[in-house]
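Student: What follows is a single structure, and I will ask about it in a moment.
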Amino acid sequence: MDILLAISQLALLFGGWFIYTYVKKLPDQVHAKNLKAFELDLNKQLEEFRNQLTTDLELMKINESQLHIHKTQEFSKLVEVLLLSLITDKDYVRKLGTDKKLQKEHNRKLLDLGTKLFFFASDETVKKFVQFRKYSLSVGTPEYESMQNIIILAELIVLIRKDLGYSNTECTKDDFLHIMLTDWDKYETEG
């Protein structure tokens, strides 16, 4: 009987120890289970956030590429009006000096293109366009020099080039003027 009592006490002691260790480990197990559930939920949220960022980034790339196309078109129109009509077409310049209707149309074009330039171009480019426009309006005054106007225009073209994505361009106004004018090397050393 003593043996049976000792075995019962031993079994009870062993059972108590087992229950104690189980209960002692229970908070850690509950914490680990909750932590895994939290990690799973957090991973799902992070994956959704990453997918949303990827989608937003792709949409921004699409919008930027569409904006770049539109910006390129507007810059091309501006260059066409400024270069082809004012520099290369002497008849147009002559008519512009006398024909009020042509002057009005030309000013409307410049206003339209200047406004678009204001929206699409960098501050530096807008300021250079304003400088060009102001200087162009001084035609007929003693301070006006046609070569200075061409130089300002060339500086504007280089800035437009930078705005179109060639921000590290090594091209200068002189490079552009060598393209446009056959005798720029005569003036290059003076200016």
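In the structure tokens, chains take letters A, B, ... by order of appearance, with residues numbered from 1 within each chain and ligands from 1 in the order shown.
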Quick one: residues within 12 Å of region 131-141 of chain A, only C-alpha atoms, excluding same-chain residues fewer than 2 positions away - as a PyMOL selection string?

Tutor: chain A and resi 82+86+93+96-97+103+107+110-111+113-114+124-129+143-157

Student: Write a file of the just-selected residues containing N, CA, C and O atoms, as a short mmCIF file (atom, residue, chain, number, x, y, z; two decimals), in the first residue's frame.

Tutor:
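Result written to again.cif:
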```
data_model
loop_
_atom_site.label_atom_id
_atom_site.label_comp_id
_atom_site.auth_asym_id
_atom_site.auth_seq_id
_atom_site.Cartn_x
_atom_site.Cartn_y
_atom_site.Cartn_z
N LEU A 82 9.46 80.31 -84.17
CA LEU A 82 10.59 81.20 -83.92
C LEU A 82 11.67 81.10 -84.98
O LEU A 82 12.17 82.11 -85.46
N LEU A 86 10.93 83.46 -88.25
CA LEU A 86 11.64 84.69 -87.91
C LEU A 86 13.08 84.72 -88.39
O LEU A 86 13.62 85.78 -88.66
N VAL A 93 9.42 87.95 -92.39
CA VAL A 93 9.85 89.04 -91.50
C VAL A 93 9.49 90.38 -92.10
O VAL A 93 9.00 91.28 -91.40
N LEU A 96 5.82 90.83 -91.85
CA LEU A 96 5.48 91.00 -90.44
C LEU A 96 5.64 92.46 -90.01
O LEU A 96 4.90 92.95 -89.17
N GLY A 97 6.59 93.15 -90.62
CA GLY A 97 6.81 94.56 -90.30
C GLY A 97 5.73 95.48 -90.83
O GLY A 97 5.56 96.59 -90.30
N GLN A 103 0.78 90.42 -88.29
CA GLN A 103 1.32 90.72 -86.96
C GLN A 103 0.39 90.18 -85.87
O GLN A 103 0.85 89.58 -84.89
N ASN A 107 1.43 87.34 -83.24
CA ASN A 107 1.35 87.60 -81.80
C ASN A 107 0.44 86.60 -81.11
O ASN A 107 0.71 86.18 -79.98
N LEU A 110 2.44 83.40 -80.79
CA LEU A 110 3.45 83.52 -79.73
C LEU A 110 2.81 83.51 -78.35
O LEU A 110 3.36 82.92 -77.41
N LEU A 111 1.65 84.13 -78.22
CA LEU A 111 0.95 84.11 -76.94
C LEU A 111 0.53 82.69 -76.58
O LEU A 111 0.74 82.23 -75.45
N LEU A 113 1.78 79.81 -77.75
CA LEU A 113 2.95 78.97 -77.51
C LEU A 113 3.68 79.38 -76.23
O LEU A 113 4.18 78.52 -75.49
N GLY A 114 3.72 80.67 -75.95
CA GLY A 114 4.35 81.14 -74.71
C GLY A 114 3.59 80.66 -73.49
O GLY A 114 4.20 80.30 -72.48
N GLU A 124 13.86 78.38 -65.89
CA GLU A 124 14.95 79.01 -66.64
C GLU A 124 14.56 79.22 -68.11
O GLU A 124 14.83 80.26 -68.70
N THR A 125 13.88 78.24 -68.68
CA THR A 125 13.44 78.34 -70.07
C THR A 125 12.37 79.42 -70.23
O THR A 125 12.41 80.20 -71.19
N VAL A 126 11.43 79.46 -69.31
CA VAL A 126 10.37 80.48 -69.37
C VAL A 126 10.99 81.87 -69.28
O VAL A 126 10.65 82.77 -70.06
N LYS A 127 11.91 82.05 -68.37
CA LYS A 127 12.56 83.36 -68.21
C LYS A 127 13.34 83.76 -69.47
O LYS A 127 13.35 84.92 -69.87
N LYS A 128 13.99 82.77 -70.10
CA LYS A 128 14.73 83.07 -71.33
C LYS A 128 13.76 83.43 -72.45
O LYS A 128 14.04 84.31 -73.26
N PHE A 129 12.60 82.76 -72.51
CA PHE A 129 11.59 83.11 -73.52
C PHE A 129 11.09 84.53 -73.29
O PHE A 129 10.92 85.31 -74.25
N GLU A 143 18.71 100.50 -79.32
CA GLU A 143 19.37 99.45 -78.52
C GLU A 143 19.28 98.07 -79.18
O GLU A 143 20.02 97.17 -78.81
N TYR A 144 18.37 97.92 -80.11
CA TYR A 144 18.13 96.61 -80.70
C TYR A 144 19.27 96.22 -81.66
O TYR A 144 19.67 96.99 -82.52
N GLU A 145 19.75 94.98 -81.46
CA GLU A 145 20.73 94.39 -82.38
C GLU A 145 20.19 93.02 -82.77
O GLU A 145 19.94 92.18 -81.91
N SER A 146 20.04 92.80 -84.05
CA SER A 146 19.43 91.54 -84.50
C SER A 146 20.27 90.34 -84.08
O SER A 146 19.73 89.28 -83.77
N MET A 147 21.60 90.50 -84.05
CA MET A 147 22.45 89.37 -83.67
C MET A 147 22.22 89.00 -82.19
O MET A 147 22.22 87.83 -81.84
N GLN A 148 21.98 89.98 -81.35
CA GLN A 148 21.71 89.70 -79.93
C GLN A 148 20.42 88.91 -79.79
O GLN A 148 20.32 88.00 -78.98
N ASN A 149 19.44 89.26 -80.60
CA ASN A 149 18.18 88.52 -80.58
C ASN A 149 18.38 87.07 -80.98
O ASN A 149 17.80 86.16 -80.40
N ILE A 150 19.22 86.84 -81.97
CA ILE A 150 19.51 85.48 -82.42
C ILE A 150 20.26 84.71 -81.33
O ILE A 150 20.00 83.53 -81.11
N ILE A 151 21.15 85.38 -80.63
CA ILE A 151 21.90 84.71 -79.55
C ILE A 151 20.95 84.31 -78.41
O ILE A 151 21.03 83.20 -77.89
N ILE A 152 20.05 85.21 -78.03
CA ILE A 152 19.07 84.88 -76.99
C ILE A 152 18.21 83.70 -77.44
O ILE A 152 17.92 82.79 -76.66
N LEU A 153 17.82 83.71 -78.70
CA LEU A 153 17.03 82.60 -79.25
C LEU A 153 17.81 81.29 -79.16
O LEU A 153 17.25 80.25 -78.78
N ALA A 154 19.09 81.32 -79.50
CA ALA A 154 19.91 80.10 -79.43
C ALA A 154 20.01 79.61 -78.00
O ALA A 154 19.96 78.39 -77.74
N GLU A 155 20.14 80.52 -77.04
CA GLU A 155 20.18 80.12 -75.63
C GLU A 155 18.85 79.48 -75.22
O GLU A 155 18.82 78.50 -74.48
N LEU A 156 17.76 80.03 -75.74
CA LEU A 156 16.44 79.47 -75.48
C LEU A 156 16.33 78.05 -76.04
O LEU A 156 15.83 77.14 -75.38
N ILE A 157 16.84 77.83 -77.23
CA ILE A 157 16.78 76.51 -77.86
C ILE A 157 17.57 75.49 -77.03
O ILE A 157 17.12 74.36 -76.83
#
```

Student: Using only C-alpha atoms, determine which residues lie at most 9 Å from Leu83 (chain A), disregarding the query and same-chain residues fewer than 5 positions distant; provide the list as a ChimeraX atom specification.

Tutor: /A:78,88-89,153,180

Student: Keeping all heavy atoms, export the residues of the selection given above as a PDB file, in the first residue's frame.

Tutor:
```pdb
ATOM      1  N   LEU A  78       6.817  75.785 -81.208  1.00  0.00           N
ATOM      2  CA  LEU A  78       7.466  77.037 -80.823  1.00  0.00           C
ATOM      3  C   LEU A  78       8.727  77.265 -81.638  1.00  0.00           C
ATOM      4  O   LEU A  78       8.942  78.354 -82.171  1.00  0.00           O
ATOM      5  CB  LEU A  78       7.798  77.024 -79.326  1.00  0.00           C
ATOM      6  CG  LEU A  78       8.519  78.261 -78.808  1.00  0.00           C
ATOM      7  CD1 LEU A  78       7.592  79.468 -78.832  1.00  0.00           C
ATOM      8  CD2 LEU A  78       9.033  78.019 -77.402  1.00  0.00           C
ATOM      9  N   THR A  88      14.688  82.207 -90.749  1.00  0.00           N
ATOM     10  CA  THR A  88      15.005  81.698 -92.087  1.00  0.00           C
ATOM     11  C   THR A  88      14.137  82.285 -93.187  1.00  0.00           C
ATOM     12  O   THR A  88      14.504  82.222 -94.344  1.00  0.00           O
ATOM     13  CB  THR A  88      14.890  80.162 -92.113  1.00  0.00           C
ATOM     14  OG1 THR A  88      13.566  79.792 -91.751  1.00  0.00           O
ATOM     15  CG2 THR A  88      15.885  79.532 -91.173  1.00  0.00           C
ATOM     16  N   ASP A  89      12.987  82.848 -92.844  1.00  0.00           N
ATOM     17  CA  ASP A  89      12.078  83.352 -93.869  1.00  0.00           C
ATOM     18  C   ASP A  89      12.091  84.889 -93.877  1.00  0.00           C
ATOM     19  O   ASP A  89      11.352  85.550 -93.156  1.00  0.00           O
ATOM     20  CB  ASP A  89      10.667  82.828 -93.611  1.00  0.00           C
ATOM     21  CG  ASP A  89       9.728  83.084 -94.775  1.00  0.00           C
ATOM     22  OD1 ASP A  89      10.077  83.881 -95.673  1.00  0.00           O
ATOM     23  OD2 ASP A  89       8.640  82.485 -94.781  1.00  0.00           O
ATOM     24  N   LEU A 153      17.820  83.706 -78.700  1.00  0.00           N
ATOM     25  CA  LEU A 153      17.029  82.601 -79.245  1.00  0.00           C
ATOM     26  C   LEU A 153      17.809  81.285 -79.163  1.00  0.00           C
ATOM     27  O   LEU A 153      17.255  80.252 -78.779  1.00  0.00           O
ATOM     28  CB  LEU A 153      16.622  82.893 -80.687  1.00  0.00           C
ATOM     29  CG  LEU A 153      15.828  81.799 -81.387  1.00  0.00           C
ATOM     30  CD1 LEU A 153      14.520  81.527 -80.662  1.00  0.00           C
ATOM     31  CD2 LEU A 153      15.571  82.182 -82.831  1.00  0.00           C
ATOM     32  N   MET A 180      22.542  76.803 -87.611  1.00  0.00           N
ATOM     33  CA  MET A 180      21.616  77.727 -88.248  1.00  0.00           C
ATOM     34  C   MET A 180      22.278  78.734 -89.184  1.00  0.00           C
ATOM     35  O   MET A 180      21.695  79.115 -90.184  1.00  0.00           O
ATOM     36  CB  MET A 180      20.828  78.504 -87.178  1.00  0.00           C
ATOM     37  CG  MET A 180      19.860  77.654 -86.397  1.00  0.00           C
ATOM     38  SD  MET A 180      18.666  76.779 -87.410  1.00  0.00           S
ATOM     39  CE  MET A 180      17.795  78.115 -88.167  1.00  0.00           C
TER      40      MET A 180
END
```

Student: Which residue, A:Phe120, A:Trp17, A:Trp184, A:Phe49, has the smallest gap to His68 (chain A) when you use only C-alpha atoms?

Tutor: A:Phe120

Student: Per DSSP on the backbone, what are the alpha helix (DSSP H) residues of chain A, as JSON, numbers by chain?

Tutor: {"A": [2, 3, 4, 5, 6, 7, 8, 9, 10, 11, 12, 13, 14, 15, 16, 17, 18, 19, 20, 21, 22, 23, 24, 25, 26, 27, 28, 29, 30, 31, 32, 33, 34, 35, 36, 37, 38, 39, 40, 41, 42, 43, 44, 45, 46, 47, 48, 49, 50, 51, 52, 53, 54, 55, 56, 57, 58, 59, 60, 61, 62, 63, 64, 65, 66, 67, 68, 69, 70, 71, 72, 73, 74, 75, 76, 77, 78, 79, 86, 90, 91, 92, 93, 94, 95, 96, 97, 98, 100, 101, 102, 103, 104, 105, 106, 107, 108, 109, 110, 111, 112, 113, 114, 115, 116, 117, 118, 119, 120, 123, 124, 125, 126, 127, 128, 129, 130, 131, 132, 133, 134, 135, 136, 146, 147, 148, 149, 150, 151, 152, 153, 154, 155, 156, 157, 158, 159, 160, 161, 162, 163, 173, 174, 175, 176, 177, 178, 179, 180, 184, 185, 186, 187, 188]}

Student: Contacts of Lys116 (chain A) at 9 Å or less, counting only C-alpha atoms, minus same-chain residues fewer than 6 places along, as a PyMOL selection string?

Tutor: chain A and resi 71+74-75

Student: Write a file of the selected residues as a PDB file, in the first residue's frame, keeping N, CA, C and O atoms.

Tutor:
```
ATOM      1  N   LYS A  71       4.601  67.743 -74.691  1.00  0.00           N
ATOM      2  CA  LYS A  71       5.591  68.804 -74.489  1.00  0.00           C
ATOM      3  C   LYS A  71       6.495  68.920 -75.715  1.00  0.00           C
ATOM      4  O   LYS A  71       6.781  70.013 -76.185  1.00  0.00           O
ATOM      5  N   GLU A  74       4.642  70.715 -78.503  1.00  0.00           N
ATOM      6  CA  GLU A  74       4.517  72.156 -78.270  1.00  0.00           C
ATOM      7  C   GLU A  74       5.861  72.858 -78.462  1.00  0.00           C
ATOM      8  O   GLU A  74       5.918  73.944 -79.038  1.00  0.00           O
ATOM      9  N   PHE A  75       6.928  72.249 -77.982  1.00  0.00           N
ATOM     10  CA  PHE A  75       8.253  72.840 -78.179  1.00  0.00           C
ATOM     11  C   PHE A  75       8.603  72.887 -79.666  1.00  0.00           C
ATOM     12  O   PHE A  75       9.191  73.856 -80.145  1.00  0.00           O
TER      13      PHE A  75
END
```

Student: Which value, in Å to one decimal, gives the distance between CA of Tyr92 (chain A) and CA of Glu80 (chain A)?

Tutor: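 About the pair CA of Tyr92 (chain A) and CA of Glu80 (chain A): they are 13.0 Å apart.
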
Student: Determine the nearest neighbour of Leu164 (chain A) from the options A:Ala11, A:Ala32, A:Ile69, A:Leu177, counting only C-alpha atoms.

Tutor: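 Among A:Ala11, A:Ala32, A:Ile69, A:Leu177, it is A:Ile69 that comes nearest to Leu164 (chain A).
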
Student: What does the distance between CA of Lys173 (chain A) and CA of Val130 (chain A) come to in Å, to one decimal place?

Tutor: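 So the answer is 17.3 Å.
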